[in-house]
>>> print(open('entry.cif').read())   # mmCIF, C-alpha atoms
data_protein
loop_
_atom_site.label_atom_id
_atom_site.label_comp_id
_atom_site.auth_asym_id
_atom_site.auth_seq_id
_atom_site.Cartn_x
_atom_site.Cartn_y
_atom_site.Cartn_z
CA MET A 1 -9.96 14.35 3.95
CA THR A 2 -12.39 15.78 6.48
CA ALA A 3 -9.89 16.50 9.25
CA SER A 4 -6.95 18.90 9.01
CA LEU A 5 -3.40 17.94 9.98
CA GLU A 6 -3.62 20.18 13.05
CA GLN A 7 -6.72 18.33 14.24
CA LEU A 8 -5.09 14.95 13.62
CA ARG A 9 -2.01 15.87 15.67
CA ARG A 10 -4.29 16.20 18.68
CA CYS A 11 -5.62 12.65 18.28
CA HIS A 12 -4.37 9.90 20.59
CA PHE A 13 -5.21 6.83 18.50
CA ALA A 14 -6.35 5.91 15.00
CA VAL A 15 -8.35 2.96 13.67
CA ASP A 16 -8.39 1.49 10.17
CA LEU A 17 -11.53 -0.67 10.10
CA GLY A 18 -11.29 -2.82 6.98
CA ALA A 19 -13.49 -5.60 5.69
CA ALA A 20 -10.59 -8.04 6.01
CA ARG A 21 -8.43 -6.69 8.86
CA THR A 22 -8.61 -4.12 11.64
CA ARG A 23 -5.56 -2.06 12.55
CA VAL A 24 -5.15 0.31 15.49
CA TYR A 25 -2.34 2.86 15.82
CA VAL A 26 -1.71 4.40 19.24
CA LYS A 27 0.27 7.64 19.43
CA GLY A 28 3.68 6.98 20.90
CA ALA A 29 3.27 3.19 20.80
CA GLY A 30 2.87 2.50 17.07
CA LEU A 31 0.73 -0.19 15.48
CA VAL A 32 -0.69 -2.20 18.38
CA VAL A 33 -3.43 -4.20 16.59
CA ASP A 34 -3.33 -5.95 13.22
CA GLN A 35 -5.99 -8.67 13.28
CA PRO A 36 -8.78 -9.99 11.03
CA SER A 37 -12.11 -8.19 11.43
CA VAL A 38 -13.88 -11.30 12.70
CA ALA A 39 -15.74 -12.12 15.91
CA ALA A 40 -17.28 -15.38 17.11
CA VAL A 41 -20.43 -15.16 19.27
CA ASN A 42 -22.40 -17.70 21.29
CA THR A 43 -25.97 -17.19 20.02
CA ARG A 44 -27.45 -18.81 23.15
CA THR A 45 -25.87 -16.43 25.66
CA GLY A 46 -24.68 -13.54 23.46
CA ALA A 47 -21.16 -13.94 24.85
CA LEU A 48 -18.17 -13.07 22.70
CA ILE A 49 -16.05 -16.21 22.34
CA ALA A 50 -13.14 -15.13 20.15
CA VAL A 51 -11.92 -12.27 17.97
CA GLY A 52 -9.22 -11.80 15.36
CA GLU A 53 -7.15 -14.67 14.00
CA PHE A 54 -8.62 -17.32 16.32
CA ALA A 55 -12.16 -16.37 15.29
CA GLU A 56 -11.19 -16.48 11.61
CA ARG A 57 -9.84 -20.01 12.01
CA MET A 58 -13.25 -20.99 13.38
CA THR A 59 -15.01 -20.03 10.12
CA GLY A 60 -16.90 -23.04 8.76
CA ARG A 61 -15.90 -25.22 11.73
CA THR A 62 -18.35 -24.16 14.46
CA PRO A 63 -21.38 -25.91 15.96
CA HIS A 64 -24.80 -24.42 15.27
CA TYR A 65 -24.89 -22.20 18.38
CA ILE A 66 -21.63 -20.36 17.54
CA ARG A 67 -21.83 -17.71 14.85
CA VAL A 68 -18.79 -16.17 13.18
CA MET A 69 -19.51 -12.54 12.29
CA ARG A 70 -17.83 -9.79 10.31
CA PRO A 71 -19.00 -6.43 11.70
CA VAL A 72 -17.30 -4.52 8.87
CA SER A 73 -18.32 -4.89 5.22
CA GLY A 74 -16.82 -2.95 2.34
CA GLY A 75 -14.96 -0.61 4.69
CA THR A 76 -18.23 0.34 6.43
CA VAL A 77 -19.30 -0.70 9.92
CA VAL A 78 -22.53 -2.67 9.59
CA ASP A 79 -22.81 -3.76 13.25
CA ILE A 80 -21.70 -0.97 15.56
CA ASP A 81 -22.17 -2.87 18.82
CA MET A 82 -20.20 -5.91 17.62
CA ALA A 83 -17.46 -3.70 16.15
CA GLN A 84 -17.08 -1.96 19.53
CA ARG A 85 -16.87 -5.26 21.40
CA MET A 86 -14.36 -6.62 18.89
CA LEU A 87 -12.14 -3.53 19.20
CA ARG A 88 -12.21 -3.64 23.00
CA HIS A 89 -10.97 -7.23 23.03
CA LEU A 90 -8.37 -6.59 20.34
CA LEU A 91 -6.94 -3.61 22.22
CA GLY A 92 -6.76 -5.42 25.54
CA ASP A 93 -7.09 -4.02 29.05
CA LYS A 94 -3.60 -2.48 29.19
CA VAL A 95 -3.98 -0.28 26.10
CA ARG A 96 -7.54 0.66 27.02
CA ARG A 97 -6.39 1.81 30.48
CA GLN A 98 -3.71 3.95 28.85
CA LEU A 99 -6.26 5.56 26.56
CA ARG A 100 -8.76 6.17 29.39
CA ARG A 101 -6.15 8.23 31.24
CA LYS A 102 -6.35 10.92 28.54
CA PRO A 103 -8.47 13.82 29.81
CA PHE A 104 -10.07 14.45 26.42
CA LEU A 105 -9.61 11.34 24.30
CA ARG A 106 -9.51 11.95 20.56
CA GLY A 107 -9.55 9.32 17.83
CA ALA A 108 -9.24 9.14 14.06
CA ALA A 109 -10.74 6.67 11.60
CA CYS A 110 -10.36 5.84 7.91
CA THR A 111 -13.44 5.97 5.71
CA PRO A 112 -13.83 5.07 2.01
CA HIS A 113 -13.75 7.93 -0.45
CA ASP A 114 -17.45 7.77 -1.30
CA ALA A 115 -18.70 6.95 2.21
CA ASP A 116 -22.20 8.33 2.79
CA PRO A 117 -23.12 10.20 6.00
CA LEU A 118 -24.58 7.02 7.51
CA ALA A 119 -21.29 5.14 7.03
CA GLN A 120 -19.33 8.06 8.48
CA ARG A 121 -21.66 8.17 11.48
CA ALA A 122 -21.17 4.43 12.05
CA ALA A 123 -17.39 4.88 12.14
CA ILE A 124 -17.72 7.75 14.61
CA GLU A 125 -20.09 5.81 16.89
CA THR A 126 -17.71 2.83 16.91
CA LEU A 127 -14.83 4.96 18.25
CA VAL A 128 -17.12 6.79 20.67
CA GLY A 129 -17.84 3.37 22.17
CA LEU A 130 -14.12 3.12 22.99
CA GLY A 131 -14.29 6.35 24.99
CA ALA A 132 -13.37 8.89 22.31
CA ARG A 133 -14.79 12.35 23.00
CA ARG A 134 -14.04 13.54 19.46
CA VAL A 135 -13.48 11.56 16.24
CA GLU A 136 -11.76 12.84 13.10
CA LEU A 137 -12.38 11.15 9.74
CA VAL A 138 -9.66 10.68 7.13
CA ASP A 139 -10.13 9.54 3.55
CA THR A 140 -8.56 6.11 3.07
CA LEU A 141 -6.95 7.22 -0.20
CA ILE A 142 -5.15 10.13 1.51
CA ALA A 143 -4.03 8.00 4.47
CA ALA A 144 -2.72 5.20 2.23
CA ALA A 145 -0.86 7.65 -0.01
CA VAL A 146 0.84 9.22 3.02
CA GLY A 147 1.64 5.80 4.46
CA CYS A 148 3.47 4.59 1.35
CA GLY A 149 5.50 7.81 1.07
CA LEU A 150 3.86 9.46 -1.93
CA PRO A 151 4.42 13.25 -2.19
CA VAL A 152 0.73 14.07 -1.95
CA GLU A 153 1.34 17.68 -0.90
CA ARG A 154 3.23 18.62 -4.09
CA PRO A 155 1.68 20.15 -7.23
CA GLU A 156 2.18 16.95 -9.23
CA ALA A 157 0.02 13.93 -9.83
CA THR A 158 0.32 10.77 -7.78
CA MET A 159 -1.98 7.89 -8.66
CA ILE A 160 -2.86 5.40 -5.96
CA MET A 161 -4.93 2.24 -6.03
CA VAL A 162 -6.21 0.84 -2.72
CA CYS A 163 -6.98 -2.85 -3.31
CA GLY A 164 -9.28 -3.88 -0.48
CA ALA A 165 -11.19 -7.06 0.27
CA ALA A 166 -14.58 -5.78 -0.89
CA ALA A 167 -13.70 -2.90 -3.24
CA THR A 168 -10.87 -1.19 -5.09
CA GLN A 169 -10.44 2.57 -4.89
CA VAL A 170 -8.47 4.43 -7.55
CA ALA A 171 -7.57 8.13 -7.32
CA VAL A 172 -5.26 10.82 -8.62
CA LEU A 173 -3.96 13.16 -5.91
CA SER A 174 -2.38 16.59 -6.18
CA LEU A 175 -1.74 19.38 -3.65
CA GLY A 176 -2.93 17.18 -0.79
CA SER A 177 -6.39 16.64 -2.27
CA ILE A 178 -8.20 14.17 -4.50
CA VAL A 179 -8.51 15.41 -8.08
CA THR A 180 -10.65 12.51 -9.28
CA ALA A 181 -11.46 9.12 -7.79
CA GLU A 182 -13.42 5.98 -8.58
CA ARG A 183 -14.62 3.12 -6.39
CA VAL A 184 -14.93 -0.27 -8.09
CA PRO A 185 -16.93 -2.93 -6.18
CA VAL A 186 -14.32 -5.61 -6.95
CA GLY A 187 -11.71 -6.73 -4.45
CA GLY A 188 -10.03 -9.76 -2.97
CA GLU A 189 -13.36 -11.35 -2.06
CA ALA A 190 -14.49 -11.21 -5.71
CA VAL A 191 -11.27 -12.96 -6.75
CA ASP A 192 -11.82 -15.65 -4.10
CA HIS A 193 -15.40 -16.12 -5.30
CA ALA A 194 -14.24 -16.45 -8.92
CA ILE A 195 -11.81 -19.22 -7.94
CA VAL A 196 -14.46 -21.08 -5.93
CA GLN A 197 -17.03 -20.88 -8.74
CA HIS A 198 -14.49 -22.03 -11.34
CA LEU A 199 -13.62 -25.15 -9.35
CA ARG A 200 -17.30 -25.87 -8.69
CA HIS A 201 -18.37 -25.59 -12.35
CA GLU A 202 -15.33 -27.10 -14.05
CA HIS A 203 -14.29 -29.78 -11.56
CA GLU A 204 -17.43 -30.23 -9.41
CA LEU A 205 -15.31 -29.53 -6.35
CA MET A 206 -16.33 -27.46 -3.33
CA LEU A 207 -13.31 -25.66 -1.96
CA PRO A 208 -13.05 -24.96 1.79
CA SER A 209 -12.99 -21.26 2.59
CA GLN A 210 -9.59 -21.61 4.27
CA SER A 211 -8.05 -23.04 1.07
CA VAL A 212 -8.73 -20.15 -1.31
CA ARG A 213 -5.74 -18.10 -0.21
CA PRO A 214 -3.25 -21.01 -0.46
CA LEU A 215 -4.51 -21.58 -4.01
CA GLN A 216 -3.69 -17.98 -4.88
CA LEU A 217 -0.23 -18.44 -3.36
CA ALA A 218 0.21 -21.51 -5.55
CA LEU A 219 0.13 -19.09 -8.47
CA SER A 220 3.00 -17.11 -6.94
CA GLY A 221 6.14 -16.34 -8.85
CA ASN A 222 4.75 -15.09 -12.13
CA GLY A 223 1.17 -15.45 -10.91
CA LEU A 224 -1.29 -14.16 -13.48
CA SER A 225 1.36 -14.21 -16.21
CA PRO A 226 1.56 -17.32 -18.44
CA TYR A 227 4.93 -18.27 -16.93
CA GLY A 228 3.58 -19.55 -13.62
CA PRO A 229 3.21 -23.21 -12.58
CA GLN A 230 1.13 -25.24 -15.04
CA VAL A 231 -0.68 -27.62 -12.67
CA THR A 232 -1.68 -27.38 -9.00
CA GLU A 233 -3.24 -30.11 -6.85
CA ILE A 234 -6.31 -29.00 -4.90
CA HIS A 235 -8.15 -30.83 -2.11
CA GLY A 236 -11.88 -30.30 -1.55
CA ARG A 237 -15.29 -31.97 -1.35
CA ASP A 238 -17.03 -33.59 -4.28
CA VAL A 239 -20.30 -31.81 -5.13
CA ALA A 240 -22.17 -35.01 -5.99
CA THR A 241 -20.93 -37.52 -3.40
CA GLY A 242 -19.88 -35.19 -0.59
CA LEU A 243 -16.64 -37.15 -0.16
CA ALA A 244 -13.13 -35.73 -0.05
CA ARG A 245 -11.45 -35.59 -3.44
CA SER A 246 -8.26 -34.20 -4.99
CA VAL A 247 -7.98 -32.80 -8.49
CA ARG A 248 -5.13 -31.45 -10.56
CA VAL A 249 -6.14 -27.98 -11.73
CA ASP A 250 -4.79 -26.22 -14.79
CA THR A 251 -3.53 -22.91 -13.44
CA ALA A 252 -4.00 -21.22 -16.83
CA ALA A 253 -7.77 -21.72 -16.48
CA VAL A 254 -7.63 -20.39 -12.91
CA ARG A 255 -5.76 -17.32 -14.13
CA ASP A 256 -8.49 -16.70 -16.72
CA ALA A 257 -11.16 -16.98 -14.00
CA ILE A 258 -9.26 -14.47 -11.84
CA GLU A 259 -8.77 -11.98 -14.68
CA THR A 260 -12.52 -11.76 -15.36
CA PRO A 261 -13.45 -9.71 -12.25
CA LEU A 262 -10.21 -7.72 -12.46
CA THR A 263 -11.22 -6.21 -15.81
CA ALA A 264 -13.62 -3.97 -13.86
CA VAL A 265 -10.59 -2.50 -12.09
CA LEU A 266 -9.01 -1.64 -15.44
CA ASP A 267 -12.22 0.13 -16.47
CA GLY A 268 -12.09 2.15 -13.23
CA ILE A 269 -8.52 3.24 -13.92
CA GLY A 270 -9.56 4.38 -17.39
CA ARG A 271 -12.44 6.45 -16.00
CA VAL A 272 -10.13 8.14 -13.47
CA LEU A 273 -7.56 9.07 -16.11
CA ARG A 274 -10.25 10.39 -18.47
CA GLY A 275 -11.41 12.74 -15.71
CA CYS A 276 -7.93 14.23 -15.12
CA PRO A 277 -6.33 17.26 -16.78
CA PRO A 278 -3.70 16.35 -19.40
CA ASP A 279 -0.82 17.63 -17.25
CA LEU A 280 -1.71 15.25 -14.43
CA VAL A 281 -2.11 12.34 -16.86
CA ALA A 282 1.42 13.07 -18.11
CA ASP A 283 2.68 12.90 -14.52
CA VAL A 284 0.95 9.54 -14.02
CA ALA A 285 2.48 8.18 -17.23
CA ASP A 286 5.90 9.18 -15.88
CA ARG A 287 5.57 8.12 -12.23
CA GLY A 288 3.11 5.26 -12.59
CA ILE A 289 0.52 3.75 -10.25
CA MET A 290 1.16 2.85 -6.61
CA MET A 291 -0.71 -0.23 -5.39
CA VAL A 292 -1.56 -0.61 -1.70
CA GLY A 293 -3.95 -2.83 0.25
CA GLY A 294 -3.94 -6.53 1.01
CA SER A 295 -5.18 -7.56 -2.44
CA ALA A 296 -2.25 -5.75 -4.08
CA LEU A 297 -0.20 -8.83 -3.14
CA LEU A 298 -2.23 -11.01 -5.52
CA PRO A 299 0.51 -12.67 -7.60
CA GLY A 300 0.79 -11.13 -11.05
CA PHE A 301 -1.82 -8.39 -10.50
CA ASP A 302 0.76 -5.63 -11.02
CA HIS A 303 2.04 -7.36 -14.17
CA MET A 304 -1.48 -7.47 -15.62
CA LEU A 305 -2.06 -3.75 -14.89
CA ARG A 306 1.30 -2.85 -16.39
CA GLN A 307 0.44 -4.64 -19.63
CA ALA A 308 -3.09 -3.21 -19.84
CA THR A 309 -2.28 0.44 -19.03
CA GLY A 310 1.25 0.82 -20.39
CA VAL A 311 2.37 2.82 -17.33
CA PRO A 312 4.73 1.75 -14.54
CA VAL A 313 3.03 -0.06 -11.65
CA HIS A 314 4.63 -0.23 -8.19
CA ILE A 315 3.64 -2.12 -5.05
CA ALA A 316 4.25 -0.43 -1.69
CA GLU A 317 6.78 -1.98 0.67
CA ARG A 318 4.07 -2.96 3.17
CA PRO A 319 0.88 -2.51 1.14
CA ASP A 320 -1.43 -4.06 3.74
CA ILE A 321 -0.70 -1.52 6.50
CA CYS A 322 -0.15 1.66 4.46
CA ALA A 323 -3.40 3.31 5.59
CA ALA A 324 -2.61 2.67 9.28
CA GLN A 325 0.95 3.93 8.79
CA GLY A 326 -0.36 7.06 7.11
CA LEU A 327 -2.72 7.74 10.01
CA GLY A 328 0.17 7.22 12.42
CA ALA A 329 2.39 9.65 10.51
CA MET A 330 -0.36 12.29 10.73
CA LEU A 331 -0.88 11.67 14.45
CA GLU A 332 2.84 11.90 15.19
CA GLY A 333 3.19 15.13 13.20
CA ARG A 334 5.63 13.69 10.66
CA ILE A 335 3.69 15.26 7.76
CA ALA A 336 4.20 18.96 7.09
CA ALA A 337 1.18 20.94 5.95
CA LEU A 338 1.41 22.73 2.62
CA ALA A 339 1.30 26.49 3.26
CA LEU A 340 -0.51 28.44 0.56
CA ASP A 341 -0.46 32.04 1.73
CA PRO A 342 -2.47 34.51 -0.34
CA LEU A 343 -0.32 37.02 -2.17
CA ALA A 344 -0.55 40.62 -1.05
CA THR A 345 -2.09 42.96 -3.60
#
>>> encode(input="entry.cif", output="structure tokens")
Amino acid sequence: MTASLEQLRRCHFAVDLGAARTRVYVKGAGLVVDQPSVAAVNTRTGALIAVGEFAERMTGRTPHYIRVMRPVSGGTVVDIDMAQRMLRHLLGDKVRRQLRRKPFLRGAACTPHDADPLAQRAAIETLVGLGARRVELVDTLIAAAVGCGLPVERPEATMIMVCGAAATQVAVLSLGSIVTAERVPVGGEAVDHAIVQHLRHEHELMLPSQSVRPLQLALSGNGLSPYGPQVTEIHGRDVATGLARSVRVDTAAVRDAIETPLTAVLDGIGRVLRGCPPDLVADVADRGIMMVGGSALLPGFDHMLRQATGVPVHIAERPDICAAQGLGAMLEGRIAALALDPLAT
């Protein structure tokens, strides 16, 4: 974490810019924005047509002169100007007027653990475009751990896994800092892609982008375990004829297709544990792994990790907003700093 707790208490708002969703926490008001990180633009005039959920529903359904954009990729802002315009519209005039009244507006932003200086600069510039005079950066792993109530400030290991849309971050925390961490470039988007490719190769069916998530929910219950539903009916477009077609899909084969990219996550967990001292590994074996992030809700993902690692696996109460809640707790001063005073000699 770049910023200290004292610096964060002076901030007035915090932004969690994710590849899938954007969340904004305003001090004293709580979570005011929780929308998809999507914007629709008229390429003829450059005008912003829609943002958030409405823009996401337009994906794949627009005429040629309307482009649906995602200004955030992999937790990094790739289009600063579009990200600023999207945030302004998501916040609305009322909240923006409240923020502009602050004499010295301060903001905070989440950044991935291994974010390079260019990615950090992009996050800072995005908040500066909202009027922030100073921007503090917080590691996503620290913010998510605080948001789900883990005792990160204690001298004991807490293992957290942030399951994002573009990547999965795994870390062991102790004494308020990251002992060892690993970023695996596999997330919810890789799982969606695996499902789409499986249906295309095995059933010659092109699945609409809006139907991938309902297919994952069809595996709910026991999900990735072999006790889920056996057959699911899927509607899509035939690859050869281009006509609408329905097929009955064996969910066991879909589960196998999903598990393939998730094996990289298991390898990342192994690398993190191998880089930890034995005492911290013993703590992890006792307390388990905490899963946060939107992709943590993938049905059966926790069951698969529990079987592969042999340690308890827990899902946070609201895994999708843990990072924003953690930023809010730091802004509101609900987190006490760990005092390590040097001993007198």
>>> closest_residue(input="entry.cif", among="A:Val292, A:Leu262, A:Val78, A:Ala119", to="Gly326 of chain A", atoms="only C-alpha atoms")
A:Val292
>>> residues_around(input="entry.cif", residues="Gly242 of chain A", least_positions_apart="3", cutoff="12 Å", atoms="all atoms listed in the file", output="mmCIF file with C-alpha atoms, in the coordinates of the input")
data_model
loop_
_atom_site.group_PDB
_atom_site.id
_atom_site.type_symbol
_atom_site.label_atom_id
_atom_site.label_comp_id
_atom_site.auth_asym_id
_atom_site.auth_seq_id
_atom_site.Cartn_x
_atom_site.Cartn_y
_atom_site.Cartn_z
ATOM 1 C CA GLU A 204 -17.430 -30.230 -9.410
ATOM 2 C CA LEU A 205 -15.310 -29.530 -6.350
ATOM 3 C CA MET A 206 -16.330 -27.460 -3.330
ATOM 4 C CA LEU A 207 -13.310 -25.660 -1.960
ATOM 5 C CA GLY A 236 -11.880 -30.300 -1.550
ATOM 6 C CA ARG A 237 -15.290 -31.970 -1.350
ATOM 7 C CA ASP A 238 -17.030 -33.590 -4.280
ATOM 8 C CA VAL A 239 -20.300 -31.810 -5.130
ATOM 9 C CA ARG A 245 -11.450 -35.590 -3.440
#
>>> resolve_selection(input="entry.cif", expression="the PyMOL selection byres ((chain A and resi 26) around 9)", output="PyMOL selection string")
chain A and resi 12-15+24-25+27-32+95+99+328+331
>>> resolve_selection(input="entry.cif", expression="the PyMOL selection byres ((chain A and resi 250) around 10)", output="number ranges by chain")
A: 229-233, 247-249, 251-255
>>> residues_around(input="entry.cif", residues="segment 173-189 of chain A", least_positions_apart="5", cutoff="7 Å", atoms="all atoms listed in the file", output="list of chain:residue names")
A:Val152, A:Glu153, A:Arg154, A:Pro155, A:Glu156, A:Ala157, A:Thr158, A:Met159, A:Cys163, A:Gly164, A:Ala165, A:Ala166, A:Ala167, A:Thr168, A:Pro261, A:Ala264, A:Val265, A:Gly268, A:Val272, A:Gly275, A:Cys276, A:Ser295
>>> atom_distance(input="entry.cif", atom1="atom CA of Ala40 of chain A", atom2="atom CA of Ile66 of chain A")
6.6 Å
>>> resolve_selection(input="entry.cif", expression="the PyMOL selection byres ((chain A and resi 105) around 10)", output="PyMOL selection string")
chain A and resi 10-13+99-104+106-107+128+130-135
>>> atom_distance(input="entry.cif", atom1="atom CA of Gly294 of chain A", atom2="atom CA of Gln325 of chain A")
13.9 Å
>>> atom_distance(input="entry.cif", atom1="atom CA of Leu48 of chain A", atom2="atom CA of Thr62 of chain A")
13.8 Å
>>> closest_residue(input="entry.cif", among="A:Leu266, A:Val38, A:Ala109, A:Ala19", to="Leu90 of chain A", atoms="only C-alpha atoms")
A:Val38
>>> residues_around(input="entry.cif", residues="Pro319 of chain A", least_positions_apart="5", cutoff="8 Å", atoms="only C-alpha atoms", output="PyMOL selection string")
chain A and resi 148+291-294+296-297
>>> residues_around(input="entry.cif", residues="Asp34 of chain A", least_positions_apart="5", cutoff="10 Å", atoms="only C-alpha atoms", output="list in words")
Asp16, Arg21, Thr22, Arg23, Val24, Tyr25, Gly52, Glu53, Leu90, Leu91, Asp320, Ile321 and Ala324 of chain A
>>> decode(input="entry.cif", residues="segment 167-206 of chain A", atoms="C-alpha atoms", output="short mmCIF file (atom, residue, chain, number, x, y, z; two decimals), in the first residue's frame")
data_model
loop_
_atom_site.label_atom_id
_atom_site.label_comp_id
_atom_site.auth_asym_id
_atom_site.auth_seq_id
_atom_site.Cartn_x
_atom_site.Cartn_y
_atom_site.Cartn_z
CA ALA A 167 -6.77 -11.53 -13.59
CA THR A 168 -6.61 -13.26 -10.22
CA GLN A 169 -4.36 -11.93 -7.47
CA VAL A 170 -3.27 -14.17 -4.61
CA ALA A 171 -1.37 -12.93 -1.56
CA VAL A 172 -0.42 -13.72 2.02
CA LEU A 173 -0.68 -10.73 4.36
CA SER A 174 0.82 -10.17 7.80
CA LEU A 175 1.36 -7.07 9.95
CA GLY A 176 -0.53 -4.91 7.46
CA SER A 177 1.80 -5.72 4.56
CA ILE A 178 2.07 -8.20 1.71
CA VAL A 179 4.51 -11.02 2.48
CA THR A 180 4.29 -12.63 -0.95
CA ALA A 181 1.89 -12.21 -3.84
CA GLU A 182 1.24 -13.56 -7.32
CA ARG A 183 -0.85 -12.25 -10.21
CA VAL A 184 -2.32 -14.87 -12.54
CA PRO A 185 -3.67 -13.57 -15.89
CA VAL A 186 -6.81 -15.70 -15.60
CA GLY A 187 -10.15 -14.33 -14.47
CA GLY A 188 -13.84 -14.33 -15.24
CA GLU A 189 -13.25 -13.32 -18.85
CA ALA A 190 -11.04 -16.39 -19.41
CA VAL A 191 -13.81 -18.60 -18.04
CA ASP A 192 -16.36 -16.94 -20.34
CA HIS A 193 -14.01 -17.45 -23.31
CA ALA A 194 -13.55 -21.12 -22.43
CA ILE A 195 -17.32 -21.65 -22.43
CA VAL A 196 -17.76 -19.86 -25.76
CA GLN A 197 -14.95 -21.84 -27.42
CA HIS A 198 -16.28 -25.15 -26.08
CA LEU A 199 -19.74 -24.53 -27.56
CA ARG A 200 -18.23 -23.39 -30.86
CA HIS A 201 -15.97 -26.43 -31.28
CA GLU A 202 -18.20 -29.14 -29.84
CA HIS A 203 -21.65 -27.95 -30.92
CA GLU A 204 -20.87 -25.47 -33.73
CA LEU A 205 -22.88 -22.87 -31.84
CA MET A 206 -22.00 -19.19 -31.45
#
